[in-house]
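For reference, upload.tsv (TSV, C-alpha atoms):
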chain	number	residue	atom	x	y	z
A	4	ALA	CA	0.00	0.00	0.00
A	5	THR	CA	2.88	2.41	0.65
A	6	ILE	CA	4.30	1.67	-2.77
A	7	VAL	CA	1.39	3.37	-4.59
A	8	PRO	CA	2.03	6.95	-3.30
A	9	VAL	CA	5.75	6.57	-3.97
A	10	ILE	CA	5.11	5.46	-7.56
A	11	ALA	CA	2.55	8.23	-8.07
A	12	GLY	CA	4.90	10.87	-6.69
A	13	ARG	CA	7.85	9.72	-8.74
A	14	SER	CA	5.70	9.51	-11.90
A	15	TYR	CA	4.54	13.08	-11.28
A	16	VAL	CA	8.15	14.28	-10.98
A	17	GLU	CA	9.12	12.36	-14.12
A	18	VAL	CA	6.29	13.93	-16.14
A	19	LYS	CA	7.35	17.40	-14.93
A	20	ALA	CA	10.95	16.66	-15.94
A	21	LEU	CA	9.83	15.41	-19.36
A	22	LYS	CA	8.25	18.79	-20.05
A	23	HIS	CA	11.73	20.34	-19.86
A	24	TYR	CA	13.62	17.54	-21.55
A	25	LEU	CA	11.44	16.63	-24.53
A	26	PRO	CA	11.32	19.94	-26.49
A	27	PRO	CA	15.12	20.22	-26.90
A	28	TRP	CA	15.31	16.49	-27.58
A	29	VAL	CA	12.73	16.68	-30.35
A	30	GLU	CA	14.51	19.75	-31.82
A	31	ARG	CA	17.87	17.98	-31.83
A	32	SER	CA	16.34	14.87	-33.37
A	33	ALA	CA	14.73	16.96	-36.11
A	34	ALA	CA	18.01	18.77	-36.79
A	35	ALA	CA	19.79	15.42	-37.06
A	36	HIS	CA	16.98	13.99	-39.25
A	37	THR	CA	16.39	11.13	-36.83
A	38	PRO	CA	13.07	10.10	-35.29
A	39	PRO	CA	12.87	11.16	-31.63
A	40	PHE	CA	10.90	8.22	-30.26
A	41	LYS	CA	12.16	4.66	-30.51
A	42	ILE	CA	11.70	1.46	-28.56
A	43	MET	CA	14.57	-1.00	-29.02
A	44	GLY	CA	15.48	0.70	-32.29
A	45	ALA	CA	11.96	0.69	-33.75
A	46	VAL	CA	10.37	4.05	-34.51
A	47	VAL	CA	7.12	4.44	-32.58
A	48	PRO	CA	4.54	7.17	-31.99
A	49	PHE	CA	4.95	9.37	-28.92
A	50	LEU	CA	2.06	7.84	-26.96
A	51	LEU	CA	3.40	4.29	-27.30
A	52	TRP	CA	6.91	5.48	-26.36
A	53	TYR	CA	5.55	7.35	-23.34
A	54	VAL	CA	3.49	4.43	-22.02
A	55	PHE	CA	6.36	1.98	-22.55
A	56	TYR	CA	8.99	4.08	-20.78
A	57	MET	CA	6.72	5.09	-17.92
A	58	ALA	CA	6.04	1.39	-17.36
A	59	CYS	CA	9.80	0.70	-17.46
A	60	SER	CA	10.44	3.50	-14.96
A	61	ASN	CA	7.84	2.21	-12.56
A	62	LEU	CA	9.07	-1.38	-12.88
A	63	ASN	CA	12.58	-0.13	-12.13
A	64	LEU	CA	11.34	1.63	-8.99
A	65	ILE	CA	9.40	-1.45	-7.88
A	66	ASP	CA	12.52	-3.57	-8.43
A	67	ILE	CA	14.59	-1.31	-6.19
A	68	MET	CA	11.89	-1.30	-3.54
A	69	THR	CA	11.42	-5.08	-3.56
A	70	ASP	CA	15.21	-5.63	-3.41
A	71	SER	CA	15.26	-3.51	-0.27
A	72	ILE	CA	12.27	-5.32	1.21
A	73	PHE	CA	13.88	-8.69	0.50
A	74	SER	CA	17.17	-7.60	2.07
A	75	ALA	CA	15.46	-6.20	5.16
A	76	THR	CA	13.32	-9.32	5.55
A	77	THR	CA	16.32	-11.63	5.19
A	78	MET	CA	18.37	-9.64	7.69
A	79	THR	CA	15.46	-9.64	10.15
A	80	GLN	CA	14.90	-13.38	9.74
A	81	CYS	CA	18.59	-14.01	10.34
A	82	SER	CA	18.45	-12.12	13.62
A	83	LEU	CA	15.16	-13.70	14.79
A	84	CYS	CA	15.40	-17.33	13.69
A	85	PRO	CA	17.33	-19.84	15.71
A	86	ALA	CA	20.80	-19.86	14.19
A	87	ASN	CA	20.79	-23.53	13.31
A	88	GLU	CA	17.50	-23.35	11.30
A	89	MET	CA	18.55	-20.53	9.02
A	90	GLU	CA	22.14	-21.71	8.74
A	91	SER	CA	21.17	-25.26	7.87
A	92	ALA	CA	18.79	-24.04	5.12
A	93	TRP	CA	21.49	-21.68	3.79
A	94	ALA	CA	24.12	-24.45	3.93
A	95	GLN	CA	21.86	-26.70	1.83
A	96	VAL	CA	21.22	-23.95	-0.76
A	97	TRP	CA	24.93	-23.12	-0.96
A	98	LYS	CA	25.92	-26.78	-1.30
A	99	GLN	CA	23.62	-27.16	-4.35
A	100	SER	CA	24.74	-23.91	-5.98
A	101	ALA	CA	27.51	-23.66	-8.58
A	102	PHE	CA	29.75	-22.03	-5.97
A	103	GLY	CA	29.20	-24.89	-3.54
A	104	VAL	CA	29.85	-27.50	-6.21
A	105	LEU	CA	33.13	-25.72	-7.04
A	106	GLY	CA	34.09	-25.84	-3.36
A	107	ALA	CA	33.89	-22.10	-2.64
A	108	PRO	CA	33.58	-21.34	1.07
A	109	ARG	CA	30.06	-20.47	2.22
A	110	PRO	CA	29.68	-16.84	3.31
A	111	ARG	CA	27.32	-15.90	6.11
A	112	ILE	CA	23.90	-15.13	4.65
A	113	GLU	CA	23.72	-11.79	6.47
A	114	GLN	CA	27.01	-10.64	4.96
A	115	LEU	CA	26.05	-11.80	1.48
A	116	THR	CA	22.62	-10.14	1.64
A	117	LEU	CA	24.02	-6.84	2.92
A	118	SER	CA	26.84	-6.88	0.36
A	119	MET	CA	24.46	-7.47	-2.56
A	120	TRP	CA	22.08	-4.76	-1.35
A	121	LEU	CA	24.91	-2.24	-0.96
A	122	LEU	CA	26.19	-3.16	-4.41
A	123	SER	CA	22.73	-2.48	-5.85
A	124	LEU	CA	22.89	1.02	-4.35
A	125	VAL	CA	25.95	1.78	-6.47
A	126	GLN	CA	23.66	2.05	-9.52
A	127	LEU	CA	21.84	4.87	-7.74
A	128	VAL	CA	24.90	6.72	-6.41
A	129	ALA	CA	27.35	6.44	-9.33
A	130	PRO	CA	25.44	8.77	-11.71
A	131	LEU	CA	25.06	11.34	-8.95
A	132	VAL	CA	28.78	11.34	-8.24
A	133	GLN	CA	29.48	11.74	-11.97
A	134	THR	CA	27.51	15.01	-11.96
A	135	LEU	CA	29.27	16.63	-8.98
A	136	THR	CA	31.03	19.91	-9.65
A	137	TRP	CA	33.27	21.94	-7.36
A	138	ARG	CA	30.61	24.65	-7.37
A	139	VAL	CA	28.06	22.19	-5.98
A	140	LEU	CA	30.45	20.93	-3.31
A	141	SER	CA	31.36	24.45	-2.18
A	142	CYS	CA	27.71	25.65	-2.31
A	143	ARG	CA	28.73	28.74	-4.29
A	144	GLY	CA	27.68	30.49	-7.43
A	145	GLU	CA	24.68	30.97	-9.63
A	146	TYR	CA	23.67	28.48	-12.24
A	147	LYS	CA	22.84	29.22	-15.84
A	148	LEU	CA	20.24	26.70	-16.83
A	149	GLY	CA	19.76	25.45	-20.33
A	150	VAL	CA	20.60	22.70	-22.72
A	151	ASN	CA	23.62	24.49	-24.18
A	152	THR	CA	25.36	25.26	-20.88
A	153	TRP	CA	27.94	23.16	-19.09
A	154	GLU	CA	29.99	22.72	-15.91
A	155	VAL	CA	33.30	21.02	-15.14
A	156	THR	CA	32.94	17.98	-12.89
A	157	ILE	CA	35.19	17.16	-9.95
A	158	PHE	CA	36.89	14.71	-12.33
A	159	GLY	CA	37.78	17.56	-14.71
A	160	GLU	CA	35.30	16.57	-17.42
A	161	LYS	CA	33.13	19.05	-19.29
A	162	LEU	CA	29.53	18.00	-18.68
A	163	TRP	CA	26.64	19.60	-20.56
A	164	HIS	CA	23.50	20.27	-18.55
A	165	ASP	CA	21.41	17.92	-20.65
A	166	ALA	CA	23.96	15.17	-19.91
A	167	VAL	CA	23.64	15.97	-16.20
A	168	PHE	CA	19.90	15.66	-16.59
A	169	GLY	CA	20.33	12.26	-18.21
A	170	LEU	CA	22.70	11.03	-15.49
A	171	LEU	CA	20.37	12.17	-12.74
A	172	ALA	CA	17.50	10.43	-14.51
A	173	GLU	CA	19.62	7.28	-14.69
A	174	GLY	CA	20.38	7.47	-10.98
A	175	SER	CA	16.71	7.79	-10.13
A	176	GLY	CA	15.70	5.08	-12.61
A	177	MET	CA	13.54	7.37	-14.76
A	178	ALA	CA	13.72	5.38	-17.99
A	179	SER	CA	11.86	7.94	-20.10
A	180	LEU	CA	14.63	10.49	-19.54
A	181	GLN	CA	17.61	8.23	-20.25

What do you get writing this file as structure tokens?
Amino acid sequence: ATIVPVIAGRSYVEVKALKHYLPPWVERSAAAHTPPFKIMGAVVPFLLWYVFYMACSNLNLIDIMTDSIFSATTMTQCSLCPANEMESAWAQVWKQSAFGVLGAPRPRIEQLTLSMWLLSLVQLVAPLVQTLTWRVLSCRGEYKLGVNTWEVTIFGEKLWHDAVFGLLAEGSGMASLQ
């Protein structure tokens, strides 16, 4: 039940962002004589493109949320269940896995779950780090907004504002803006 308001709120933000992103995108596509809306390389009408990518965005958000729910549930079960019940089930699963067959040592399920969850967060954080500029980190200066403006990242790369927009969309899983 709590997933519905989160999806609705994120969809609202994505639609608002599309209003800023789509006009320059359509202009650039027209200037390059390429169709602006494609799904897996196939040219499609705007409405089909919009429905498809909004569905992809929402599925991405649900995936992130369910990964977190699974990790939290597993960690809770590990702390509540008698150690021998959970460990014996995990030992059996590991023994039948490819890693177990190859003789790899069995990690603790809590460590594995936490490691995989933290690794999944990298996909959210990496695009944000790529957009950091010294101006952002020092909290100074005015920004000129627009598609044809740019900043220098902390890595010394020139990053156009529309590229920043795309990276931030990637970090938040907004498929229609990527």

Separation of CA of Leu170 (chain A) from CA of Pro130 (chain A) in Å: 5.2 Å

Residue among A:Cys84, A:Lys22, A:Leu135, A:Gly12 lying closest to His164 (chain A), counting only C-alpha atoms: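 Checking each of A:Cys84, A:Lys22, A:Leu135, A:Gly12 against His164 (chain A), counting only C-alpha atoms, the winner is A:Leu135.
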
Distance of CA of Leu131 (chain A) from CA of Lys161 (chain A), expressed in Å to one decimal place: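 Straight-line distance from CA of Lys161 (chain A) to CA of Leu131 (chain A) works out to 15.2 Å.
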
Residue contacts of Asn61 (chain A) (12 Å, all atoms listed in the file) excluding same-chain residues fewer than 2 positions away, as an NGL selection string: :A and (6-15 or 17 or 54-59 or 63-68 or 175-179)

CA of Val155 (chain A) to CA of Trp137 (chain A), distance in Å rounded to a single decimal: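 Between CA of Val155 (chain A) and CA of Trp137 (chain A) the gap works out to 7.8 Å.
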
As a PDB file, in the frame of the given file, could you write out region 26-49 of chain A once it has been completed with N, CA, C and O atoms?
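Here's the written file selection_26.pdb:
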ATOM      1  N   PRO A  26      11.199  18.969 -25.385  1.00  0.00           N
ATOM      2  CA  PRO A  26      11.320  19.940 -26.490  1.00  0.00           C
ATOM      3  C   PRO A  26      12.720  20.040 -27.082  1.00  0.00           C
ATOM      4  O   PRO A  26      12.871  19.929 -28.313  1.00  0.00           O
ATOM      5  N   PRO A  27      13.788  20.188 -26.270  1.00  0.00           N
ATOM      6  CA  PRO A  27      15.120  20.220 -26.900  1.00  0.00           C
ATOM      7  C   PRO A  27      15.489  18.894 -27.559  1.00  0.00           C
ATOM      8  O   PRO A  27      16.168  18.878 -28.579  1.00  0.00           O
ATOM      9  N   TRP A  28      15.014  17.785 -26.985  1.00  0.00           N
ATOM     10  CA  TRP A  28      15.310  16.490 -27.580  1.00  0.00           C
ATOM     11  C   TRP A  28      14.672  16.352 -28.955  1.00  0.00           C
ATOM     12  O   TRP A  28      15.304  15.893 -29.907  1.00  0.00           O
ATOM     13  N   VAL A  29      13.430  16.755 -29.070  1.00  0.00           N
ATOM     14  CA  VAL A  29      12.730  16.680 -30.350  1.00  0.00           C
ATOM     15  C   VAL A  29      13.401  17.617 -31.366  1.00  0.00           C
ATOM     16  O   VAL A  29      13.585  17.257 -32.536  1.00  0.00           O
ATOM     17  N   GLU A  30      13.815  18.813 -30.925  1.00  0.00           N
ATOM     18  CA  GLU A  30      14.510  19.750 -31.820  1.00  0.00           C
ATOM     19  C   GLU A  30      15.822  19.158 -32.316  1.00  0.00           C
ATOM     20  O   GLU A  30      16.143  19.255 -33.505  1.00  0.00           O
ATOM     21  N   ARG A  31      16.596  18.578 -31.424  1.00  0.00           N
ATOM     22  CA  ARG A  31      17.870  17.980 -31.830  1.00  0.00           C
ATOM     23  C   ARG A  31      17.655  16.806 -32.772  1.00  0.00           C
ATOM     24  O   ARG A  31      18.410  16.618 -33.719  1.00  0.00           O
ATOM     25  N   SER A  32      16.637  16.008 -32.491  1.00  0.00           N
ATOM     26  CA  SER A  32      16.340  14.870 -33.370  1.00  0.00           C
ATOM     27  C   SER A  32      15.948  15.357 -34.761  1.00  0.00           C
ATOM     28  O   SER A  32      16.389  14.803 -35.767  1.00  0.00           O
ATOM     29  N   ALA A  33      15.136  16.415 -34.819  1.00  0.00           N
ATOM     30  CA  ALA A  33      14.730  16.960 -36.110  1.00  0.00           C
ATOM     31  C   ALA A  33      15.936  17.511 -36.865  1.00  0.00           C
ATOM     32  O   ALA A  33      16.062  17.314 -38.080  1.00  0.00           O
ATOM     33  N   ALA A  34      16.818  18.218 -36.149  1.00  0.00           N
ATOM     34  CA  ALA A  34      18.010  18.770 -36.790  1.00  0.00           C
ATOM     35  C   ALA A  34      18.925  17.673 -37.328  1.00  0.00           C
ATOM     36  O   ALA A  34      19.590  17.848 -38.340  1.00  0.00           O
ATOM     37  N   ALA A  35      18.952  16.539 -36.639  1.00  0.00           N
ATOM     38  CA  ALA A  35      19.790  15.420 -37.060  1.00  0.00           C
ATOM     39  C   ALA A  35      19.058  14.480 -38.029  1.00  0.00           C
ATOM     40  O   ALA A  35      19.616  13.468 -38.450  1.00  0.00           O
ATOM     41  N   HIS A  36      17.801  14.806 -38.353  1.00  0.00           N
ATOM     42  CA  HIS A  36      16.980  13.990 -39.250  1.00  0.00           C
ATOM     43  C   HIS A  36      16.826  12.558 -38.745  1.00  0.00           C
ATOM     44  O   HIS A  36      16.903  11.596 -39.509  1.00  0.00           O
ATOM     45  N   THR A  37      16.638  12.437 -37.422  1.00  0.00           N
ATOM     46  CA  THR A  37      16.390  11.130 -36.830  1.00  0.00           C
ATOM     47  C   THR A  37      15.070  11.187 -36.059  1.00  0.00           C
ATOM     48  O   THR A  37      14.729  12.226 -35.493  1.00  0.00           O
ATOM     49  N   PRO A  38      14.338  10.111 -36.048  1.00  0.00           N
ATOM     50  CA  PRO A  38      13.070  10.100 -35.290  1.00  0.00           C
ATOM     51  C   PRO A  38      13.351  10.175 -33.788  1.00  0.00           C
ATOM     52  O   PRO A  38      14.264   9.513 -33.296  1.00  0.00           O
ATOM     53  N   PRO A  39      12.582  10.970 -33.049  1.00  0.00           N
ATOM     54  CA  PRO A  39      12.870  11.160 -31.630  1.00  0.00           C
ATOM     55  C   PRO A  39      12.423  10.010 -30.727  1.00  0.00           C
ATOM     56  O   PRO A  39      12.972   9.828 -29.651  1.00  0.00           O
ATOM     57  N   PHE A  40      11.455   9.228 -31.151  1.00  0.00           N
ATOM     58  CA  PHE A  40      10.900   8.220 -30.260  1.00  0.00           C
ATOM     59  C   PHE A  40      11.090   6.821 -30.837  1.00  0.00           C
ATOM     60  O   PHE A  40      10.557   6.492 -31.887  1.00  0.00           O
ATOM     61  N   LYS A  41      11.869   6.029 -30.101  1.00  0.00           N
ATOM     62  CA  LYS A  41      12.160   4.660 -30.510  1.00  0.00           C
ATOM     63  C   LYS A  41      12.042   3.741 -29.301  1.00  0.00           C
ATOM     64  O   LYS A  41      12.320   4.144 -28.170  1.00  0.00           O
ATOM     65  N   ILE A  42      11.658   2.514 -29.570  1.00  0.00           N
ATOM     66  CA  ILE A  42      11.700   1.460 -28.560  1.00  0.00           C
ATOM     67  C   ILE A  42      12.514   0.324 -29.153  1.00  0.00           C
ATOM     68  O   ILE A  42      12.137  -0.236 -30.178  1.00  0.00           O
ATOM     69  N   MET A  43      13.646   0.041 -28.542  1.00  0.00           N
ATOM     70  CA  MET A  43      14.570  -1.000 -29.020  1.00  0.00           C
ATOM     71  C   MET A  43      14.877  -0.829 -30.503  1.00  0.00           C
ATOM     72  O   MET A  43      14.887  -1.791 -31.263  1.00  0.00           O
ATOM     73  N   GLY A  44      15.102   0.397 -30.923  1.00  0.00           N
ATOM     74  CA  GLY A  44      15.480   0.700 -32.290  1.00  0.00           C
ATOM     75  C   GLY A  44      14.329   0.898 -33.256  1.00  0.00           C
ATOM     76  O   GLY A  44      14.530   1.374 -34.365  1.00  0.00           O
ATOM     77  N   ALA A  45      13.131   0.546 -32.871  1.00  0.00           N
ATOM     78  CA  ALA A  45      11.960   0.690 -33.750  1.00  0.00           C
ATOM     79  C   ALA A  45      11.307   2.046 -33.519  1.00  0.00           C
ATOM     80  O   ALA A  45      11.049   2.430 -32.374  1.00  0.00           O
ATOM     81  N   VAL A  46      11.031   2.750 -34.593  1.00  0.00           N
ATOM     82  CA  VAL A  46      10.370   4.050 -34.510  1.00  0.00           C
ATOM     83  C   VAL A  46       8.914   3.832 -34.104  1.00  0.00           C
ATOM     84  O   VAL A  46       8.224   2.985 -34.672  1.00  0.00           O
ATOM     85  N   VAL A  47       8.485   4.584 -33.100  1.00  0.00           N
ATOM     86  CA  VAL A  47       7.120   4.440 -32.580  1.00  0.00           C
ATOM     87  C   VAL A  47       6.508   5.817 -32.364  1.00  0.00           C
ATOM     88  O   VAL A  47       7.222   6.809 -32.223  1.00  0.00           O
ATOM     89  N   PRO A  48       5.181   5.892 -32.303  1.00  0.00           N
ATOM     90  CA  PRO A  48       4.540   7.170 -31.990  1.00  0.00           C
ATOM     91  C   PRO A  48       4.794   7.555 -30.527  1.00  0.00           C
ATOM     92  O   PRO A  48       5.068   6.703 -29.681  1.00  0.00           O
ATOM     93  N   PHE A  49       4.657   8.855 -30.253  1.00  0.00           N
ATOM     94  CA  PHE A  49       4.950   9.370 -28.920  1.00  0.00           C
ATOM     95  C   PHE A  49       4.172   8.648 -27.830  1.00  0.00           C
ATOM     96  O   PHE A  49       4.745   8.271 -26.805  1.00  0.00           O
TER      97      PHE A  49
END
